[in-house]
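What follows is a single structure, written as structure tokens, with notes after it.
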Amino acid sequence: MPSKSLIITLLFCFLASGALADQCHECHNTSVFKVKHKTHYDYHVGYETSVHGLAGLGCAECHGGDSTSTDKDVAHAGVRENVMRNNIPAICGDCHESQYEAFLGSGHFQALEGERDAPHCATCHGSMEMDVMFVSKVKRQCLKCHDQDAEDGVITRTDELMSRVNAIVGYKSLVEADNDDPTALAAIEESFERLTLYWHRLEFDQADTESLELLGKLRGMRAEARSRQN
């Protein structure tokens, strides 16, 4: 049987290795850091309950740097480059490949290469704290460049489309809970994927058509499920 001292030593090594693997949290989650860097502290707190945080992504996977180092310079090496505006789409694209490829064909991406204030992924989605896009937030961002009453109707069309997308996300979760038909669910997922790609390419006509058809289909499937339950 291992000695008591050996067990304690092994336990200490295990705990120490776990701490070293997450030094970002050790520094960015302290009361001292909160006082000195309130914005970054709040950013970290938002990460803990975010989609990315719950999925288990580490800070360095997006930000770069070395999350195992206790040396500030080593830990932050390369971090600023990763979070520069024009680098953010490529960082997100490491996981969100199809959306990134679609975004490359948009006017927003072309503008991002030459304009400091052009939109990127986090402009609409938030850095990591959001899944569903809030219509009001997206509208505020659009209004930085687009006029409310412009003839192209970008603001109005975006409002309508984003409201529809949020409704689709809600109905989609209900339908997925009600329905166990893999073929039907796969068709819904494929349609939703097409919709996201149209949006990231800023193809409003296609996005409008796809979203209207998908929302109608989801409402019909939800109604059928409720009638079976009754």
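Letters A, B, ... go to the chains of the structure tokens in the order shown; residues in each chain start at 1; ligands are counted from 1 in the same order.
Residues with any atom within 12 Å of His96 in chain A, counting only C-alpha atoms and excluding same-chain neighbours fewer than 6 positions away, are Ile88, Pro89, Ala90, Ala102, Phe103, Cys121, Glu193, Thr196, Leu197 and His200 of chain A.
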Contact residues around range 222-225 of chain A with only C-alpha atoms at 10 Å, ignoring same-chain residues under 6 positions, as a list of chain:residue names: A:Tyr171, A:Lys172, A:Leu174, A:Val175, A:Glu176, A:Ala177, A:Asp178, A:Asn179, A:Gly216
Using Å and a single decimal, report how far CA of Tyr43 in chain A sits from CA of Ala60 in chain A. 14.6 Å
Under the rule that only C-alpha atoms are counted, which of A:Asn230, A:Tyr100, A:Ala111, A:Gly170 is the nearest residue to Trp199 in chain A?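 When distances to Trp199 in chain A are compared using only C-alpha atoms, the smallest one comes from A:Tyr100.
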Need the shell around His108 in chain A: protein/DNA/RNA residues with any atom at most 7 Å away, counting only C-alpha atoms. Skip same-chain ones fewer than 3 positions apart. Format as a list in words? Ala111, Leu112, Ala118 and Pro119 of chain A
Hey, what's within 10 Å of range 145-157 of chain A if we count only C-alpha atoms and toss same-chain stuff fewer than 5 positions away? As number ranges by chain, please? A: 117-119, 138-140, 162-163, 204-205, 208
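The shortest atom-to-atom distance to Ser191 in chain A, with only C-alpha atoms taken into account, belongs to A:Gln206 out of A:Gln206, A:Gln141, A:Thr123, A:Val79.
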With distances taken over only C-alpha atoms, which residue among A:Cys124, A:Leu143, A:Val135, A:Leu218 lies nearest Asn166 in chain A?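 Under the stated criterion, the closest residue is A:Val135.
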How would you write, as a ChimeraX atom specification, the set of residues in range 51-219 of chain A that DSSP gives as helix (DSSP H, G or I)? /A:51-54,59-63,72-75,79-82,85-93,97-104,107-112,121-125,135-142,154-178,182-200,204-219
Deliver the residues from the most recent selection as a file, using C-alpha atoms, as a CSV table (one decimal), in the first residue's frame.
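Generated file (again19.csv):
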```
chain,number,residue,atom,x,y,z
A,51,VAL,CA,-21.5,29.1,-24.8
A,52,HIS,CA,-17.8,28.8,-25.2
A,53,GLY,CA,-17.1,28.5,-21.5
A,54,LEU,CA,-19.8,25.7,-21.0
A,59,CYS,CA,-8.9,31.1,-23.1
A,60,ALA,CA,-5.7,30.4,-25.1
A,61,GLU,CA,-7.7,28.5,-27.8
A,62,CYS,CA,-9.0,31.8,-29.1
A,63,HIS,CA,-6.8,34.4,-27.5
A,72,LYS,CA,2.8,37.5,-17.3
A,73,ASP,CA,4.9,38.1,-20.5
A,74,VAL,CA,4.9,34.4,-21.5
A,75,ALA,CA,1.2,34.0,-20.7
A,79,VAL,CA,-2.6,37.7,-27.3
A,80,ARG,CA,-3.0,41.2,-28.7
A,81,GLU,CA,-2.5,40.0,-32.3
A,82,ASN,CA,-5.3,37.4,-32.0
A,85,ARG,CA,-10.3,43.4,-35.3
A,86,ASN,CA,-9.2,42.2,-38.6
A,87,ASN,CA,-7.9,38.9,-37.1
A,88,ILE,CA,-11.1,38.0,-35.3
A,89,PRO,CA,-12.9,36.3,-38.2
A,90,ALA,CA,-10.0,33.9,-38.8
A,91,ILE,CA,-9.9,33.0,-35.1
A,92,CYS,CA,-13.6,32.3,-35.0
A,93,GLY,CA,-13.2,30.4,-38.3
A,97,GLU,CA,-15.6,27.2,-40.8
A,98,SER,CA,-18.7,27.4,-43.0
A,99,GLN,CA,-19.8,30.7,-41.4
A,100,TYR,CA,-16.2,32.1,-41.9
A,101,GLU,CA,-16.1,31.0,-45.5
A,102,ALA,CA,-19.5,32.7,-46.1
A,103,PHE,CA,-18.3,35.9,-44.3
A,104,LEU,CA,-15.3,36.1,-46.6
A,107,GLY,CA,-19.1,43.4,-48.1
A,108,HIS,CA,-18.4,43.5,-44.3
A,109,PHE,CA,-15.3,41.4,-44.7
A,110,GLN,CA,-14.0,43.6,-47.5
A,111,ALA,CA,-14.6,46.7,-45.4
A,112,LEU,CA,-12.9,45.1,-42.4
A,121,CYS,CA,-18.0,38.4,-35.7
A,122,ALA,CA,-18.1,39.9,-32.2
A,123,THR,CA,-19.8,43.0,-33.4
A,124,CYS,CA,-23.1,41.1,-33.7
A,125,HIS,CA,-22.5,37.9,-31.7
A,135,VAL,CA,-32.2,42.6,-32.5
A,136,SER,CA,-31.7,45.9,-30.7
A,137,LYS,CA,-27.9,45.3,-30.4
A,138,VAL,CA,-27.5,44.4,-34.1
A,139,LYS,CA,-29.5,47.4,-35.1
A,140,ARG,CA,-27.3,49.8,-33.1
A,141,GLN,CA,-24.3,48.3,-34.8
A,142,CYS,CA,-25.9,48.7,-38.3
A,154,VAL,CA,-30.8,47.6,-44.7
A,155,ILE,CA,-32.0,48.6,-41.2
A,156,THR,CA,-35.6,47.5,-41.7
A,157,ARG,CA,-34.7,44.3,-43.4
A,158,THR,CA,-32.2,43.4,-40.7
A,159,ASP,CA,-34.7,44.1,-38.0
A,160,GLU,CA,-37.2,41.8,-39.7
A,161,LEU,CA,-34.7,39.1,-40.4
A,162,MET,CA,-33.2,39.0,-36.9
A,163,SER,CA,-36.6,38.9,-35.3
A,164,ARG,CA,-37.5,36.0,-37.5
A,165,VAL,CA,-34.2,34.2,-36.7
A,166,ASN,CA,-34.8,34.6,-33.0
A,167,ALA,CA,-38.3,33.1,-33.5
A,168,ILE,CA,-36.8,30.3,-35.5
A,169,VAL,CA,-34.3,29.5,-32.7
A,170,GLY,CA,-37.1,29.3,-30.2
A,171,TYR,CA,-39.4,27.1,-32.3
A,172,LYS,CA,-36.4,24.9,-33.4
A,173,SER,CA,-35.6,24.1,-29.7
A,174,LEU,CA,-39.3,23.1,-29.1
A,175,VAL,CA,-39.5,21.0,-32.2
A,176,GLU,CA,-36.3,19.2,-31.4
A,177,ALA,CA,-37.7,18.4,-28.0
A,178,ASP,CA,-41.0,17.1,-29.5
A,182,PRO,CA,-34.2,12.0,-37.6
A,183,THR,CA,-35.0,12.8,-41.3
A,184,ALA,CA,-37.3,15.7,-40.4
A,185,LEU,CA,-34.8,17.1,-37.8
A,186,ALA,CA,-31.9,16.8,-40.3
A,187,ALA,CA,-33.9,18.8,-42.9
A,188,ILE,CA,-34.5,21.5,-40.3
A,189,GLU,CA,-30.8,21.6,-39.4
A,190,GLU,CA,-29.8,21.8,-43.1
A,191,SER,CA,-32.3,24.7,-43.7
A,192,PHE,CA,-31.0,26.5,-40.6
A,193,GLU,CA,-27.4,26.1,-41.8
A,194,ARG,CA,-28.3,27.5,-45.2
A,195,LEU,CA,-29.9,30.5,-43.5
A,196,THR,CA,-26.8,31.3,-41.4
A,197,LEU,CA,-24.7,31.2,-44.5
A,198,TYR,CA,-27.0,33.5,-46.4
A,199,TRP,CA,-26.9,35.9,-43.5
A,200,HIS,CA,-23.1,35.8,-43.2
A,204,PHE,CA,-30.8,39.3,-47.8
A,205,ASP,CA,-33.2,38.0,-50.5
A,206,GLN,CA,-32.1,34.4,-50.0
A,207,ALA,CA,-32.1,34.8,-46.3
A,208,ASP,CA,-35.6,36.2,-46.3
A,209,THR,CA,-36.9,33.3,-48.4
A,210,GLU,CA,-35.2,30.6,-46.4
A,211,SER,CA,-36.2,32.1,-43.0
A,212,LEU,CA,-39.9,32.5,-44.0
A,213,GLU,CA,-40.0,28.9,-45.3
A,214,LEU,CA,-38.2,27.5,-42.2
A,215,LEU,CA,-40.3,29.4,-39.7
A,216,GLY,CA,-43.5,28.2,-41.4
A,217,LYS,CA,-42.3,24.6,-41.3
A,218,LEU,CA,-41.3,24.8,-37.7
A,219,ARG,CA,-44.7,26.3,-36.7
```
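What separates CA of Lys144 in chain A from CA of Thr49 in chain A is a distance of 29.2 Å.
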